[in-house]
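To be precise, the following lines are data_36.txt, and they hold compact mmCIF, C-alpha atoms and all ligand atoms.
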```
# COMPACT_ATOMS: atom_id res chain seq x y z
CA MET A 112 -13.75 9.63 -8.93
CA ILE A 113 -13.89 7.26 -11.87
CA ASP A 114 -16.31 4.38 -11.73
CA THR A 115 -16.51 3.20 -15.32
CA ARG A 116 -18.99 0.48 -15.99
CA ILE A 117 -17.59 -1.49 -13.10
CA LEU A 118 -20.75 -3.59 -12.87
CA GLU A 119 -20.33 -4.76 -16.46
CA ILE A 120 -17.50 -6.90 -15.14
CA THR A 121 -20.24 -9.28 -13.98
CA ALA A 122 -20.63 -10.55 -17.55
CA GLU A 123 -16.87 -11.09 -17.87
CA LEU A 124 -16.81 -12.87 -14.52
CA ASP A 125 -19.52 -15.26 -15.68
CA THR A 126 -17.30 -16.70 -18.39
CA ALA A 127 -13.76 -16.26 -17.08
CA GLU A 128 -11.98 -19.30 -15.75
CA ASN A 129 -8.49 -18.02 -14.97
CA ILE A 130 -8.02 -14.86 -12.97
CA VAL A 131 -4.85 -13.18 -11.72
CA ILE A 132 -4.68 -10.53 -8.99
CA VAL A 133 -1.67 -8.20 -8.78
CA PRO A 134 -0.95 -5.81 -5.85
CA HIS A 135 1.68 -3.07 -6.06
CA LYS A 136 5.40 -3.61 -5.54
CA GLY A 137 6.40 -3.61 -1.87
CA PRO A 138 2.94 -4.86 -0.96
CA ASP A 139 1.53 -3.45 2.29
CA GLY A 140 -1.42 -4.50 4.46
CA ASP A 141 -3.95 -2.85 2.18
CA ALA A 142 -2.51 -4.31 -1.03
CA MET A 143 -2.27 -7.84 0.41
CA GLY A 144 -5.58 -7.63 2.31
CA ALA A 145 -7.42 -6.50 -0.81
CA SER A 146 -5.72 -9.10 -3.01
CA LEU A 147 -6.38 -11.99 -0.66
CA GLY A 148 -9.92 -10.83 0.19
CA LEU A 149 -10.78 -10.76 -3.50
CA TYR A 150 -8.87 -14.03 -4.02
CA HIS A 151 -11.07 -15.90 -1.53
CA PHE A 152 -14.24 -14.41 -3.01
CA LEU A 153 -13.36 -15.41 -6.59
CA LYS A 154 -12.08 -18.81 -5.55
CA ASP A 155 -15.26 -19.54 -3.58
CA LYS A 156 -17.13 -18.54 -6.73
CA GLY A 157 -15.35 -21.32 -8.63
CA HIS A 158 -12.64 -19.47 -10.56
CA THR A 159 -9.00 -20.50 -10.76
CA VAL A 160 -7.32 -17.55 -9.06
CA HIS A 161 -3.70 -16.63 -8.39
CA VAL A 162 -2.33 -13.68 -6.45
CA ILE A 163 1.01 -12.63 -7.95
CA ALA A 164 2.90 -10.16 -5.77
CA PRO A 165 5.71 -8.29 -7.61
CA ASN A 166 8.12 -8.94 -4.72
CA ASP A 167 8.12 -10.31 -1.20
CA TYR A 168 6.10 -8.69 1.58
CA PRO A 169 6.57 -8.33 5.34
CA GLN A 170 6.43 -11.28 7.71
CA PHE A 171 3.76 -9.57 9.82
CA LEU A 172 1.31 -10.08 6.92
CA LYS A 173 2.08 -13.74 6.30
CA TRP A 174 -0.62 -15.00 8.68
CA LEU A 175 -3.32 -13.58 6.36
CA PRO A 176 -5.61 -16.39 5.20
CA GLY A 177 -4.40 -17.57 1.77
CA SER A 178 -0.93 -16.03 2.18
CA GLU A 179 0.69 -19.44 1.62
CA GLU A 180 -0.80 -19.46 -1.90
CA VAL A 181 0.69 -16.11 -2.96
CA ILE A 182 3.22 -16.32 -5.79
CA ILE A 183 6.17 -13.92 -5.63
CA TYR A 184 7.00 -12.72 -9.14
CA ASP A 185 10.66 -11.98 -8.39
CA SER A 186 11.36 -15.60 -7.49
CA ASN A 187 8.81 -17.36 -9.78
CA LYS A 188 9.01 -15.45 -13.04
CA GLY A 189 8.36 -18.41 -15.35
CA LEU A 190 5.24 -19.64 -13.58
CA SER A 191 3.95 -16.08 -13.10
CA ASP A 192 4.35 -15.20 -16.78
CA GLU A 193 2.53 -18.39 -17.72
CA LEU A 194 -0.38 -17.63 -15.35
CA ILE A 195 -0.64 -14.02 -16.54
CA ASN A 196 -0.58 -15.18 -20.15
CA LYS A 197 -3.42 -17.63 -19.43
CA ALA A 198 -5.57 -15.22 -17.43
CA GLU A 199 -8.79 -13.88 -18.93
CA ILE A 200 -9.12 -11.24 -16.22
CA VAL A 201 -6.37 -9.41 -14.33
CA PHE A 202 -7.29 -7.37 -11.25
CA THR A 203 -4.70 -4.74 -10.32
CA LEU A 204 -5.17 -3.58 -6.75
CA ASP A 205 -4.02 -0.60 -4.71
CA PHE A 206 -2.05 1.17 -7.44
CA ASN A 207 -2.78 3.71 -10.14
CA HIS A 208 -0.02 3.18 -12.67
CA LEU A 209 1.37 -0.05 -14.15
CA SER A 210 4.93 1.01 -13.31
CA ARG A 211 4.00 0.56 -9.63
CA CYS A 212 4.08 -3.22 -10.05
CA GLY A 213 7.76 -3.39 -11.03
CA LEU A 214 8.88 -6.10 -13.43
CA VAL A 215 5.37 -7.60 -13.62
CA GLN A 216 4.53 -4.61 -15.81
CA GLU A 217 6.26 -6.18 -18.83
CA SER A 218 4.26 -9.35 -18.48
CA LEU A 219 0.99 -7.42 -18.01
CA LEU A 220 1.64 -5.28 -21.08
CA ALA A 221 1.94 -8.45 -23.15
CA SER A 222 -1.30 -9.91 -21.77
CA GLU A 223 -4.60 -9.85 -23.62
CA ALA A 224 -6.67 -10.16 -20.46
CA VAL A 225 -9.44 -7.81 -19.43
CA PHE A 226 -7.95 -5.44 -16.84
CA VAL A 227 -9.75 -4.20 -13.74
CA MET A 228 -8.29 -1.49 -11.51
CA ILE A 229 -9.56 -1.03 -7.96
CA ASP A 230 -7.60 1.74 -6.28
CA HIS A 231 -7.74 4.83 -4.06
CA HIS A 232 -4.69 6.77 -5.28
CA GLN A 233 -4.98 10.09 -7.05
CA GLU A 234 -4.62 10.51 -10.80
CA PRO A 235 -5.31 6.96 -12.03
CA SER A 236 -3.83 6.16 -15.42
CA ASP A 237 -6.13 4.59 -17.97
CA TYR A 238 -4.68 1.14 -18.68
CA ALA A 239 -7.69 -0.76 -17.33
CA ASP A 240 -10.88 -1.81 -19.15
CA TYR A 241 -12.79 -1.33 -15.91
CA THR A 242 -11.60 1.34 -13.50
CA TYR A 243 -12.97 1.72 -10.00
CA SER A 244 -10.96 4.57 -8.57
CA ASN A 245 -11.83 6.89 -5.69
CA SER A 246 -9.13 8.82 -3.84
CA LYS A 247 -11.57 9.67 -1.04
CA MET A 248 -11.69 6.03 0.04
CA SER A 249 -9.73 5.01 3.14
CA SER A 250 -8.24 1.97 1.46
CA THR A 251 -8.47 -0.42 -1.46
CA CYS A 252 -9.86 -2.97 1.01
CA GLU A 253 -12.83 -0.70 1.70
CA MET A 254 -13.30 -0.46 -2.08
CA VAL A 255 -13.18 -4.26 -2.51
CA TYR A 256 -15.91 -4.46 0.15
CA ARG A 257 -17.98 -1.93 -1.85
CA PHE A 258 -17.20 -3.79 -5.07
CA LEU A 259 -18.63 -6.99 -3.55
CA ASP A 260 -21.66 -4.96 -2.45
CA LYS A 261 -22.11 -3.69 -6.01
CA LEU A 262 -22.00 -7.30 -7.19
CA ARG A 263 -24.73 -8.04 -4.61
CA ALA A 264 -22.35 -10.47 -2.96
CA ASN A 265 -22.32 -9.05 0.58
CA LYS A 266 -23.71 -12.33 1.91
CA LYS A 267 -20.78 -14.17 0.31
CA ILE A 268 -18.28 -12.47 2.64
CA THR A 269 -16.77 -15.29 4.68
CA PRO A 270 -14.70 -14.88 7.89
CA GLN A 271 -11.57 -15.26 5.73
CA ILE A 272 -12.58 -12.45 3.39
CA ALA A 273 -13.66 -10.29 6.34
CA THR A 274 -10.30 -10.85 8.04
CA CYS A 275 -8.32 -9.82 4.93
CA LEU A 276 -10.39 -6.69 4.29
CA TYR A 277 -10.43 -5.61 7.94
CA THR A 278 -6.63 -5.86 8.00
CA GLY A 279 -6.10 -3.56 5.03
CA ILE A 280 -8.58 -0.96 6.23
CA MET A 281 -6.91 -1.00 9.64
CA THR A 282 -3.34 -0.64 8.33
CA ASP A 283 -4.13 2.04 5.71
CA THR A 284 -6.05 4.19 8.20
CA GLY A 285 -3.42 3.95 10.98
CA SER A 286 -5.99 1.97 13.00
CA PHE A 287 -8.91 4.21 12.00
CA ARG A 288 -7.30 7.50 12.97
CA PHE A 289 -6.42 9.19 9.67
CA SER A 290 -8.85 11.70 8.20
CA SER A 291 -9.58 9.24 5.38
CA THR A 292 -11.57 7.21 7.94
CA SER A 293 -15.24 8.05 7.40
CA SER A 294 -18.29 7.01 9.34
CA ASP A 295 -18.97 4.71 6.38
CA THR A 296 -15.54 3.14 6.93
CA HIS A 297 -16.65 2.31 10.46
CA ARG A 298 -19.91 0.86 9.13
CA VAL A 299 -17.89 -1.37 6.78
CA ILE A 300 -15.67 -2.40 9.70
CA ALA A 301 -18.74 -3.19 11.82
CA ASP A 302 -20.10 -5.42 9.08
CA LEU A 303 -16.74 -7.16 8.66
CA MET A 304 -16.72 -7.90 12.39
CA ASP A 305 -20.24 -9.29 12.11
CA LYS A 306 -18.96 -11.49 9.29
CA GLY A 307 -16.20 -12.96 11.42
CA ALA A 308 -13.20 -10.59 11.48
CA LYS A 309 -11.66 -10.86 14.96
CA ASN A 310 -10.44 -7.32 15.67
CA ASP A 311 -8.31 -8.16 18.73
CA GLN A 312 -6.50 -11.00 16.97
CA ILE A 313 -5.88 -8.93 13.83
CA HIS A 314 -4.43 -6.01 15.80
CA ASN A 315 -2.24 -8.40 17.76
CA ASN A 316 -1.00 -10.20 14.62
CA ILE A 317 -0.04 -6.93 12.93
CA TYR A 318 1.22 -4.70 15.74
CA ASP A 319 2.35 -6.96 18.56
CA THR A 320 4.59 -9.44 16.81
CA ASN A 321 7.73 -7.27 16.66
CA SER A 322 11.19 -8.75 16.90
CA GLU A 323 13.71 -7.36 19.36
CA ASP A 324 15.83 -6.29 16.38
CA LYS A 325 12.97 -4.18 15.01
CA LEU A 326 12.42 -2.34 18.29
CA GLN A 327 16.17 -1.69 18.61
CA LEU A 328 16.16 -0.35 15.04
CA LEU A 329 13.30 1.97 16.05
CA GLY A 330 15.53 3.19 18.87
CA THR A 331 18.27 4.04 16.36
CA ALA A 332 15.76 5.74 14.06
CA LEU A 333 14.43 7.91 16.90
CA LYS A 334 17.98 8.87 17.87
CA ASN A 335 18.43 10.11 14.29
CA LEU A 336 15.28 12.24 14.42
CA LYS A 337 15.82 15.84 13.29
CA VAL A 338 13.23 18.52 13.93
CA ASN A 339 12.72 21.79 12.07
CA LYS A 340 10.25 23.46 14.43
CA GLU A 341 9.92 26.58 12.35
CA LEU A 342 8.79 24.66 9.28
CA ARG A 343 6.87 22.14 11.42
CA THR A 344 8.84 19.29 9.86
CA ALA A 345 10.60 16.25 11.34
CA TYR A 346 12.67 13.64 9.57
CA ILE A 347 14.41 10.38 10.34
CA SER A 348 17.16 8.61 8.42
CA LEU A 349 18.50 5.07 8.50
CA SER A 350 21.74 4.13 6.76
CA GLN A 351 22.44 0.70 5.31
CA GLU A 352 24.99 0.17 8.07
CA GLU A 353 22.37 0.88 10.75
CA LEU A 354 19.90 -1.48 9.06
CA ASP A 355 22.54 -4.22 8.84
CA ARG A 356 23.50 -3.75 12.48
CA HIS A 357 19.91 -4.60 13.46
CA ASN A 358 19.50 -7.50 11.00
CA PHE A 359 16.93 -5.55 9.00
CA LYS A 360 14.13 -7.59 7.49
CA LYS A 361 11.43 -6.44 5.10
CA GLY A 362 8.75 -4.52 6.98
CA ASP A 363 10.97 -3.65 9.96
CA THR A 364 10.73 0.10 9.28
CA GLU A 365 6.96 0.06 8.75
CA GLY A 366 5.31 2.85 10.70
CA PHE A 367 8.56 4.56 11.78
CA VAL A 368 7.78 7.67 9.73
CA ASN A 369 4.67 8.32 11.82
CA TYR A 370 6.72 9.05 14.95
CA GLY A 371 7.64 12.46 13.51
CA LEU A 372 3.96 13.38 13.42
CA ALA A 373 3.60 12.41 17.08
CA LEU A 374 5.60 15.53 18.00
CA GLU A 375 3.56 18.52 19.03
CA GLY A 376 3.23 21.07 16.25
CA ILE A 377 4.76 18.86 13.52
CA ILE A 378 2.66 18.45 10.38
CA PHE A 379 5.21 17.02 7.93
CA ALA A 380 7.24 13.87 8.67
CA VAL A 381 9.74 12.06 6.46
CA ILE A 382 11.92 8.96 6.66
CA PHE A 383 14.95 8.36 4.41
CA ILE A 384 16.08 4.76 4.15
CA GLU A 385 19.28 3.83 2.37
CA LYS A 386 18.87 0.78 0.07
CA GLU A 387 22.39 -0.04 -1.00
CA ASN A 388 21.52 -3.04 -3.19
CA GLU A 389 18.91 -1.03 -5.11
CA ASP A 390 21.30 1.91 -5.38
CA MET A 391 18.80 4.40 -4.05
CA VAL A 392 17.26 6.01 -1.01
CA LYS A 393 13.61 5.10 -0.38
CA ILE A 394 11.60 7.93 1.12
CA SER A 395 8.24 7.99 2.90
CA PHE A 396 6.30 11.20 3.47
CA ARG A 397 3.43 11.76 5.89
CA SER A 398 1.48 14.89 6.78
CA LYS A 399 -1.42 16.16 8.82
CA GLY A 400 -4.09 18.50 7.46
CA ASP A 401 -3.85 19.86 3.93
CA PHE A 402 -0.10 19.81 3.30
CA ASP A 403 -0.01 17.69 0.14
CA VAL A 404 2.85 15.17 0.32
CA ASN A 405 1.70 13.49 -2.90
CA LYS A 406 2.45 16.76 -4.72
CA PHE A 407 5.77 17.11 -2.86
CA ALA A 408 6.85 13.53 -3.68
CA ARG A 409 5.89 13.90 -7.34
CA ALA A 410 7.61 17.25 -7.74
CA HIS A 411 10.96 16.37 -6.13
CA PHE A 412 11.41 12.66 -5.46
CA ASP A 413 10.01 10.70 -8.38
CA GLY A 414 7.10 9.43 -6.32
CA GLY A 415 3.48 9.90 -5.43
CA GLY A 416 0.70 8.59 -3.22
CA HIS A 417 -2.01 10.45 -1.35
CA ILE A 418 -2.35 13.90 0.22
CA ASN A 419 -1.25 12.67 3.67
CA ALA A 420 0.87 9.62 2.76
CA ALA A 421 3.25 9.31 -0.14
CA GLY A 422 6.54 7.76 -1.12
CA GLY A 423 9.42 8.44 -3.45
CA LYS A 424 13.07 7.74 -4.14
CA SER A 425 16.40 9.40 -4.76
CA ASP A 426 19.54 8.31 -6.67
CA LEU A 427 21.74 10.56 -4.55
CA SER A 428 23.62 9.32 -1.49
CA LEU A 429 21.72 9.32 1.81
CA ASN A 430 23.46 12.50 2.96
CA ASN A 431 22.98 14.32 -0.33
CA THR A 432 19.33 13.31 -0.41
CA ILE A 433 18.85 14.94 2.97
CA VAL A 434 20.78 18.03 1.82
CA LYS A 435 18.50 18.23 -1.22
CA PHE A 436 15.43 17.87 0.99
CA ASN A 437 16.55 20.65 3.33
CA LYS A 438 17.19 22.92 0.35
CA ILE A 439 13.72 22.32 -1.06
CA LEU A 440 11.84 22.67 2.22
CA PRO A 441 11.90 26.51 2.50
CA GLN A 442 10.01 26.72 -0.83
CA TYR A 443 7.05 25.37 1.16
CA THR A 444 7.29 27.81 4.07
CA GLU A 445 3.90 29.33 3.38
CA GLU A 446 2.06 25.99 3.21
CA LEU A 447 3.88 24.57 6.22
CA THR A 448 3.36 27.52 8.52
CA LYS A 449 -0.13 28.69 7.70
P1 LIG B 1 4.90 4.21 1.88
O1 LIG B 1 5.52 5.45 2.37
O2 LIG B 1 4.14 3.50 2.95
O3 LIG B 1 5.82 3.34 1.09
O4 LIG B 1 3.81 4.66 0.83
C1 LIG B 1 2.81 5.61 1.14
C2 LIG B 1 1.92 5.79 -0.06
O5 LIG B 1 2.65 6.33 -1.14
C3 LIG B 1 1.33 4.49 -0.57
O6 LIG B 1 -0.01 4.74 -0.90
C4 LIG B 1 2.12 4.15 -1.78
O7 LIG B 1 1.32 3.54 -2.73
C5 LIG B 1 2.63 5.49 -2.27
N1 LIG B 1 4.02 5.35 -2.75
C6 LIG B 1 5.08 4.91 -2.05
N2 LIG B 1 6.21 4.92 -2.79
C7 LIG B 1 5.85 5.41 -4.01
C8 LIG B 1 6.58 5.65 -5.22
O8 LIG B 1 7.78 5.46 -5.33
N3 LIG B 1 5.85 6.14 -6.26
C9 LIG B 1 4.51 6.40 -6.16
N4 LIG B 1 3.87 6.89 -7.23
N5 LIG B 1 3.81 6.17 -5.04
C10 LIG B 1 4.45 5.68 -3.97
MN MN B 2 -3.80 1.50 0.01
```
Could you quickly redo this structure as C-alpha cells?
Amino acid sequence: MIDTRILEITAELDTAENIVIVPHKGPDGDAMGASLGLYHFLKDKGHTVHVIAPNDYPQFLKWLPGSEEVIIYDSNKGLSDELINKAEIVFTLDFNHLSRCGLVQESLLASEAVFVMIDHHQEPSDYADYTYSNSKMSSTCEMVYRFLDKLRANKKITPQIATCLYTGIMTDTGSFRFSSTSSDTHRVIADLMDKGAKNDQIHNNIYDTNSEDKLQLLGTALKNLKVNKELRTAYISLSQEELDRHNFKKGDTEGFVNYGLALEGIIFAVIFIEKENEDMVKISFRSKGDFDVNKFARAHFDGGGHINAAGGKSDLSLNNTIVKFNKILPQYTEELTK
C-alpha cells in the first residue's frame, strides 16, 4: 500500500480553481462512480471541475448523477486538451499506469498540474505527486469514500455522491460477493445508504435495464462456452459477426465472463471478444481463490488488473488467440488443480 502524503493535498485544494478528473479507458461502474462522486464533492466545494473520460462508456451508467456533464475525450479532443492544460490539479481514478487512459495520456504528460492517483490496482506506477493506492480495497469508490473521510468531509457526502460511490462499490464487488468485499466495505455501504443512496433503485438501474439484443447475445456467448474440467477452466468467445448480429453496443458483454465461474468446480474463466475495428481481441480474465489472473494477463496477453479480475489483449485472430491460450494453459496445471 502506498499512501504518500495524501492529506497534504488539502493545501493544494485550498488554492486550486480548475480541476480535471480522468477515469481509465473503457470506463466501468467503479471508474465512473468514483469520478462522478469526487466531481460532485469538488463542485459543491466551489471548484470548477470537469470529468474527462478517455472514451465512451456503457448506457447502463448514463443515469449516474452528473453523467450529462462528462466530456468524452475521443469526440472532444480540443476542449479536453484546453481543460487539461488549464487544470491545477488532475485526479486520475481507478488506474495505475498513464497508458490505461489511452490518448489522454499525451495531453496529461504535457500538463503541469499536480497529479493525484486514487486506485486499487497492483503495482502502481509513480507518475502522481500524491498517490493513494491500496490493492486490498474493493474498489476505487470505497477509496474515494475513505479519501473524503481523511479530508474530514464525511458530512459533505450528499445523496448524489452517495449514489455514485455505492454504484462503483457494487459493480466492482459483483454486488458484494467477491473476496475483496470486507466488513468495512459493508460499513461504508451502510453509511452511503444513510446518506441517501437508494440500493434498490441502483441495482435496478444497473442490472435490470438490459435490451433484448443483449440477452440474445448472452445466449450466443453461452452456446460458445468451452469447459476444460481437468484444468478447472471455462472460456467464452464472441466473434465480430456474432456481435454485429445482435446489434452490439458498448457494455453489452459486461458480466458475461462471470458465467464461467458459475460452473461447479471452475476457478478460471475467460472471455475473448473480437474487436475488428481495433484490430485486436479484447480478453477478460476472472478467477476464484488464489489463481492470479493479473499475473497471467501480464505474462501472456499484454494486460493486468487484480488477482481475481484482469484484462488483456491479443493481436492474433480470434481463433489463433484461443489456440495460444489453450497452449499456455497446461503451464498452469499445478496452480489450477491444487
Ligand atoms: P475487465 O475484464 O472488466 O475489462 O477488467 C478487469 C480488470 O482488469 C479491471 O480492473 C481493469 O482495470 C483491468 N484491465 C482490463 N483490461 C486491461 C488491460 O488491457 N491492461 C491492464 N493493465 N489492465 C486491464
Ligand atoms: Mn475498480
Residue contacts of Asn437 of chain A (12 Å, all atoms listed in the file) excluding same-chain residues fewer than 2 positions away, as a PDB file with C-alpha atoms, in the coordinates of the input:
```pdb
ATOM      1  CA  LYS A 337      15.820  15.840  13.290  1.00  0.00           C
ATOM      2  CA  VAL A 338      13.230  18.520  13.930  1.00  0.00           C
ATOM      3  CA  ASN A 339      12.720  21.790  12.070  1.00  0.00           C
ATOM      4  CA  LEU A 342       8.790  24.660   9.280  1.00  0.00           C
ATOM      5  CA  THR A 344       8.840  19.290   9.860  1.00  0.00           C
ATOM      6  CA  ALA A 345      10.600  16.250  11.340  1.00  0.00           C
ATOM      7  CA  TYR A 346      12.670  13.640   9.570  1.00  0.00           C
ATOM      8  CA  VAL A 381       9.740  12.060   6.460  1.00  0.00           C
ATOM      9  CA  HIS A 411      10.960  16.370  -6.130  1.00  0.00           C
ATOM     10  CA  ASN A 430      23.460  12.500   2.960  1.00  0.00           C
ATOM     11  CA  ASN A 431      22.980  14.320  -0.330  1.00  0.00           C
ATOM     12  CA  THR A 432      19.330  13.310  -0.410  1.00  0.00           C
ATOM     13  CA  ILE A 433      18.850  14.940   2.970  1.00  0.00           C
ATOM     14  CA  VAL A 434      20.780  18.030   1.820  1.00  0.00           C
ATOM     15  CA  LYS A 435      18.500  18.230  -1.220  1.00  0.00           C
ATOM     16  CA  ILE A 439      13.720  22.320  -1.060  1.00  0.00           C
ATOM     17  CA  LEU A 440      11.840  22.670   2.220  1.00  0.00           C
ATOM     18  CA  PRO A 441      11.900  26.510   2.500  1.00  0.00           C
ATOM     19  CA  GLN A 442      10.010  26.720  -0.830  1.00  0.00           C
ATOM     20  CA  TYR A 443       7.050  25.370   1.160  1.00  0.00           C
ATOM     21  CA  THR A 444       7.290  27.810   4.070  1.00  0.00           C
TER      22      THR A 444
END
```
Using only C-alpha atoms, determine which residues lie at most 10 Å from Asp319 of chain A, disregarding the query and same-chain residues fewer than 6 positions distant; provide the list as a PDB file with C-alpha atoms, keeping the file's coordinate frame.
```pdb
ATOM      1  CA  PHE A 171       3.760  -9.570   9.820  1.00  0.00           C
ATOM      2  CA  GLN A 312      -6.500 -11.000  16.970  1.00  0.00           C
ATOM      3  CA  ILE A 313      -5.880  -8.930  13.830  1.00  0.00           C
TER       4      ILE A 313
END
```
Cut-off 6 Å, only C-alpha atoms and all ligand atoms, neighbours of ligand MN 2 (chain B) as a PyMOL selection string: chain A and resi 141+205+250-251+283
Contacts to ligand LIG 1 (chain B) at 10 Å cut-off (all atoms listed in the file) as a PyMOL selection string: chain A and resi 135-142+205-208+210-211+230-234+250-251+283+364-369+381-382+393-397+404-405+408-409+412-425
Neighbouring residues of Phe226 of chain A were defined as those with any atom within 7 Å, considering all atoms listed in the file; residues of the same chain fewer than 2 positions away were excluded. Please report them as a JSON list (two decimals) with C-alpha atoms, in the frame of the given file.
```
[["chain", "number", "residue", "atom", "x", "y", "z"],
["A", 200, "ILE", "CA", -9.12, -11.24, -16.22],
["A", 201, "VAL", "CA", -6.37, -9.41, -14.33],
["A", 202, "PHE", "CA", -7.29, -7.37, -11.25],
["A", 224, "ALA", "CA", -6.67, -10.16, -20.46],
["A", 228, "MET", "CA", -8.29, -1.49, -11.51],
["A", 239, "ALA", "CA", -7.69, -0.76, -17.33],
["A", 240, "ASP", "CA", -10.88, -1.81, -19.15],
["A", 241, "TYR", "CA", -12.79, -1.33, -15.91]]
```
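Among the candidate residues A:Lys173, A:His161, A:Lys306, A:Lys334, the one lying nearest to Leu190 of chain A is A:His161, with distances computed using only C-alpha atoms.
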Shell around segment 267-270 of chain A at 8 Å using all atoms listed in the file, local window under 4 positions removed, as a VMD selection string: chain A and resid 152 274 306 to 308
Residue with smallest distance to Phe258 of chain A - pool A:Leu374, A:Ile120, A:Leu333, A:Leu326, counting all atoms listed in the file: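 The closest residue to Phe258 of chain A is A:Ile120.
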Coordinates-based distance that separates atom CA of Val181 of chain A from atom CA of Thr126 of chain A (Å, one decimal): 23.7 Å
Contacts of Glu253 of chain A within 9 Å, all atoms listed in the file, excl. fewer than 6 positions in-chain, as a PyMOL selection string: chain A and resi 145+276-277+279-280+296+299-300
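Minimum atom-to-atom distances from A:Ile272, A:Asp324, A:Leu153, A:Ser249 to Phe287 of chain A were compared using only C-alpha atoms, and the lowest value belongs to A:Ser249.
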Separation of atom CA of Cys212 of chain A from atom CA of Lys360 of chain A, in Å and rounded to one decimal: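 Spanning atom CA of Cys212 of chain A to atom CA of Lys360 of chain A is a straight-line distance of 20.7 Å.
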Distance in Å - atom CA of Glu352 of chain A versus atom CA of Lys386 of chain A: 10.1 Å
Option closest in space to Leu303 of chain A, from A:Asp185, A:Arg356, A:Gly148, A:Gly376 [counting all atoms listed in the file]: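 Between A:Asp185, A:Arg356, A:Gly148, A:Gly376, the residue approaching Leu303 of chain A most closely is A:Gly148.
Compared by their closest atoms to Tyr318 of chain A, and using all atoms listed in the file, the residues A:Thr282, A:Ser348, A:Asn196, A:Asn335 rank with A:Thr282 nearest.
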Test item: which residues lie within 8 Å of (18.1, 1.4, 14.5) counting all atoms listed in the file, as a ChimeraX atom specification: /A:325-333,349,353-354,356-357
Same residues, C-alpha atoms, saved as a short mmCIF file (atom, residue, chain, number, x, y, z; two decimals), in the frame of the given file:
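Full text of selection_8.cif as output:
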```cif
data_model
loop_
_atom_site.label_atom_id
_atom_site.label_comp_id
_atom_site.auth_asym_id
_atom_site.auth_seq_id
_atom_site.Cartn_x
_atom_site.Cartn_y
_atom_site.Cartn_z
CA LYS A 325 12.97 -4.18 15.01
CA LEU A 326 12.42 -2.34 18.29
CA GLN A 327 16.17 -1.69 18.61
CA LEU A 328 16.16 -0.35 15.04
CA LEU A 329 13.30 1.97 16.05
CA GLY A 330 15.53 3.19 18.87
CA THR A 331 18.27 4.04 16.36
CA ALA A 332 15.76 5.74 14.06
CA LEU A 333 14.43 7.91 16.90
CA LEU A 349 18.50 5.07 8.50
CA GLU A 353 22.37 0.88 10.75
CA LEU A 354 19.90 -1.48 9.06
CA ARG A 356 23.50 -3.75 12.48
CA HIS A 357 19.91 -4.60 13.46
#
```
